[in-house]
Every structure is written in C-alpha cells, then in structure tokens.
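*Asks:* Mind having a look at this structure? Questions to follow.
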Amino acid sequence: MASALVLLAAIRAPTLPEARACLLQSRSVVSHVRMQTTTAPPATFPANPKELATQLSLAVQASLAEKHRKLEVRLPTGLCFGLFGPAGEQMIGTPDAMIPEETQQRGERELAFLMAEIFQSYESACAVVFPDAKSAALAERDFTRRKLQPRIVSSLRELSGRPKAGFGSKAKGAAVPPKIIILVRPQAKDVRSVTLPEEGVILLLNPAKDSSKQGFEPIYTMIDNPHPDWKGGILFRSFPSSWALGVAGKRGPVIHGRQDTRPTLDEIDVGFERVKSDKSLLSQAGGFLSQSGAAAGLERRGASPD
C-alpha cells in the first residue's frame, strides 16, 4: 500500500485573512487585483488546510494579474478544510481509500465557498453552479450561515432565469448577469457550453475531464495517484510556479522533480521509476527521505512484492 500525504487540520474554520487581502473591490477584475511585488519561490506542498487555502487564494490572484480568465482548480476527492465540519486528517495518496459521499460533497462545498469568498464583493454577480439540486440546497444552507451570498444554482440553464428572492439576490427583479461563474465538478458538456462573461471569470473546480483544450489555465493542481500504472505519488502546481512530482515522505511529501510544462503520462512514469529505483534516497537527511517514504510511497500496479 502506498503511503499517504497527511494534511493535519490546524484550525477549525479558517478566516483566510490572506484571501481577503486580494478581494476584488470593483466590478473590474483586471484593475483591482493586488499583487506582491517580489518574485515568489517555487510553491511547496501545503502542510495543512489553512496553507492550502492561502495558496489557492494567491494562485487566483496571480493568474488574474496575468490576465487569465478561464481558470481550473483540481484537488483530491474528499479534501476538506474544516469550514462546515471537522477537517481531521486528510489522507492523500491512498489509492484504495473509501471516501464517504457525504465527505466528498462537503469538500466540494468548502472549496466552492473559499473561491466564492475571494469574489464576495460581486455578491449575486458571482454565480456558483453545483452539479445537482441537493448539493445546491446544502450549499445555500452552509453559505448563508457564514454570511456569504453568491448566487447558487444547480445548472447553467438557471443563470438565464430570475434568481430566487432573498438568498444571493438584492431584489426580486431581473437576474444580475453573472461576472464570475464557478462550476463545481462540471461535466465536459458544461465546460464546452459555458460562456465567458465580458470582463469576467470562469473558474472550474474539479472538472470531470481535462479542460486545457478548452483554454482553461490550471492554476492549482494537487492530484494524487496521477498515473494509472502507479499507486501513490502526487502531481502538484500552484500558479505561477512550475509543475512538480512528489511522493509521500516520512515527515511529509517530498518533491522529486519540477518542470515548466505539465508532465505527460510518459514523463510521470519515468519520474516515478527513478524515484522507486534510486537507492540514494534511503536514509538521507536524517530520515527525511527514507525507504518508508520515498520508495515505499510508490508502488507499480501489478508488480510483485519485494
């Protein structure tokens, strides 16, 4: 069994002051993004949900400053932040883990909340599209309790209709045209059909299929078990940093390689094979890289046990 990256919950419900530092205070997405003037070092794996949330916020901020308007975020299934329930230990990289559907859905709602919070000044002009009516209803309940009021719908078709009175709407009149569209677990047909608002943003959260051919920029990617022939491993990127391949280690995940472009499956396979066969990784740095981490953190599917 491949070992797993563990994200320990450091807080019960992050307030995300880092995210609020880049809130968009105007209807112009381009001109009101606050960027740091220093060049950031390559992003490292987050140690806990709060660090992950901060990285997400900064990745959105940086991508908007580079004039990207079609954005994609991918996180492991069931990863929670502790907003609407306990985060606990986030076991990432365990191929055979059984994640309850309730946990998966809560993770989606929490991720959507964090992204909508970045655009909260847009109010009902920020639309969050959930995959079904039940998910949308649960999101309305949870978002309202935390006093965040984007427009929440269960399909793209609803965006052309009149919003429900009250939640996410200033009045019962005509719908406010969305400027920010956040799609939660969209299917390929949704990605193809959604239209970019003028001077607006589309943000995909855990799309069912790769959206790069549709022009979406992967601004934050944390994919566990990224190769079908391998158990374990992590593909990671936080915009504008390079892409990284990592493996769970004794004291946390370890990055074993970076490149500017997204690695292909062949490149991931070669990289994991090198990690698995490199004996120099054993017992370095006082056990930071150890056989129980770097080597045992990967397992080729169907391979005979040593």
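Labels for the structure tokens follow display order: chains A, B, ..., residues from 1 in each chain, ligands from 1.
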For stretch 137-139 of chain A, find every residue with an atom within 9 Å (counting only C-alpha atoms), except residues of its own chain fewer than 3 positions away, and show them as a compact mmCIF listing (two decimals) with C-alpha atoms, in the first residue's frame.
*Replies:*
```
# COMPACT_ATOMS: atom_id res chain seq x y z
CA ARG A 106 -18.71 18.65 1.86
CA ARG A 109 -18.91 22.88 -0.89
CA GLU A 110 -15.97 24.07 1.20
CA ALA A 112 -16.56 26.44 -3.63
CA PHE A 113 -17.04 28.63 -0.54
CA PHE A 130 -23.37 22.88 -8.36
CA ASP A 132 -27.40 18.87 -8.68
CA ALA A 133 -30.23 20.40 -6.68
CA LYS A 134 -29.34 18.62 -3.43
CA ASP A 142 -23.88 26.44 4.66
CA PHE A 143 -23.01 29.63 2.79
CA THR A 144 -25.86 31.53 4.48
CA ILE A 152 -26.21 29.41 -6.13
CA VAL A 153 -27.79 27.29 -8.87
CA SER A 154 -27.82 23.64 -9.88
```
*Asks:* With only C-alpha atoms as the atoms that count, which of A:Val73, A:Ile255, A:Ala62, A:Val270 lies nearest to A:Leu183?
*Replies:*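 Closest to A:Leu183, using only C-alpha atoms: A:Val73.
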*Asks:* Near A:Gly271, within 8 Å and counting only C-alpha atoms, which residues show up once chain neighbours fewer than 3 positions away are dropped, as number ranges by chain?
*Replies:* A: 245, 257, 267-268, 274-275
*Asks:* Check the smallest atom-to-atom distance from each of A:Phe239, A:Tyr122, A:Phe81, A:Phe272 to A:Ser63 using only C-alpha atoms, then report the winner.
*Replies:*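 When distances to A:Ser63 are compared using only C-alpha atoms, the smallest one comes from A:Phe239.
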*Asks:* Just asking: which residues within stretch 48-253 of chain A are helix (DSSP H, G or I) according to DSSP, as JSON, numbers by chain?
*Replies:* {"A": [49, 50, 51, 52, 53, 54, 55, 56, 57, 58, 59, 60, 61, 62, 63, 64, 65, 101, 102, 103, 104, 105, 106, 107, 108, 109, 110, 111, 112, 113, 114, 115, 116, 117, 118, 120, 121, 122, 123, 124, 125, 133, 134, 135, 136, 137, 138, 139, 140, 141, 142, 143, 144, 145, 156, 157, 158, 159, 160, 188, 189, 190, 191, 192, 193, 212, 213, 214]}
*Asks:* If I take atom CA of A:Val128 and atom CA of A:Ile99, how far is one from the other in Å, to one decimal?
*Replies:*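 About the pair atom CA of A:Val128 and atom CA of A:Ile99: they are 24.0 Å apart.
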*Asks:* Restricting the calculation to only C-alpha atoms, which member of A:Pro240, A:Glu108, A:Leu235, A:Gln55 is positioned closest to A:Thr264?
*Replies:* A:Leu235
*Asks:* Please indicate the distance in Å from atom CA of A:Ala136 to atom CA of A:Gln187, rounded to one decimal place.
*Replies:*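 Result for atom CA of A:Ala136 versus atom CA of A:Gln187: 16.1 Å, one decimal.
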*Asks:* Between A:Pro218, A:Pro178, A:Gly232, A:Pro226, which is the closest to A:Thr195 once you count only C-alpha atoms?
*Replies:* A:Pro178
*Asks:* In Å, how far is it from atom CA of A:Gln149 to atom CA of A:Ile181?
*Replies:*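 Calculated distance between atom CA of A:Gln149 and atom CA of A:Ile181 is 13.7 Å.
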*Asks:* When distances are computed from only C-alpha atoms, which of A:Gly246, A:Pro177, A:Pro100, A:Pro263 shows the smallest separation from A:Leu298?
*Replies:*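 Of A:Gly246, A:Pro177, A:Pro100, A:Pro263, the one nearest A:Leu298, counting only C-alpha atoms, is A:Gly246.
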*Asks:* Give me, as an MDAnalysis selection string, all polymer residues having an atom no more than 10 Å from A:Met115, counting only C-alpha atoms and skipping those fewer than 4 positions away in the same chain.
*Replies:* chainID A and resid 19 53 56:57 60 73 109:111 119:120 128 182 203 205
*Asks:* From stretch 140-221 of chain A, collect each residue whose DSSP state is strand (DSSP E) and return the set as a PyMOL selection string.
*Replies:* chain A and resi 151-153+180-184+201-205+217-221
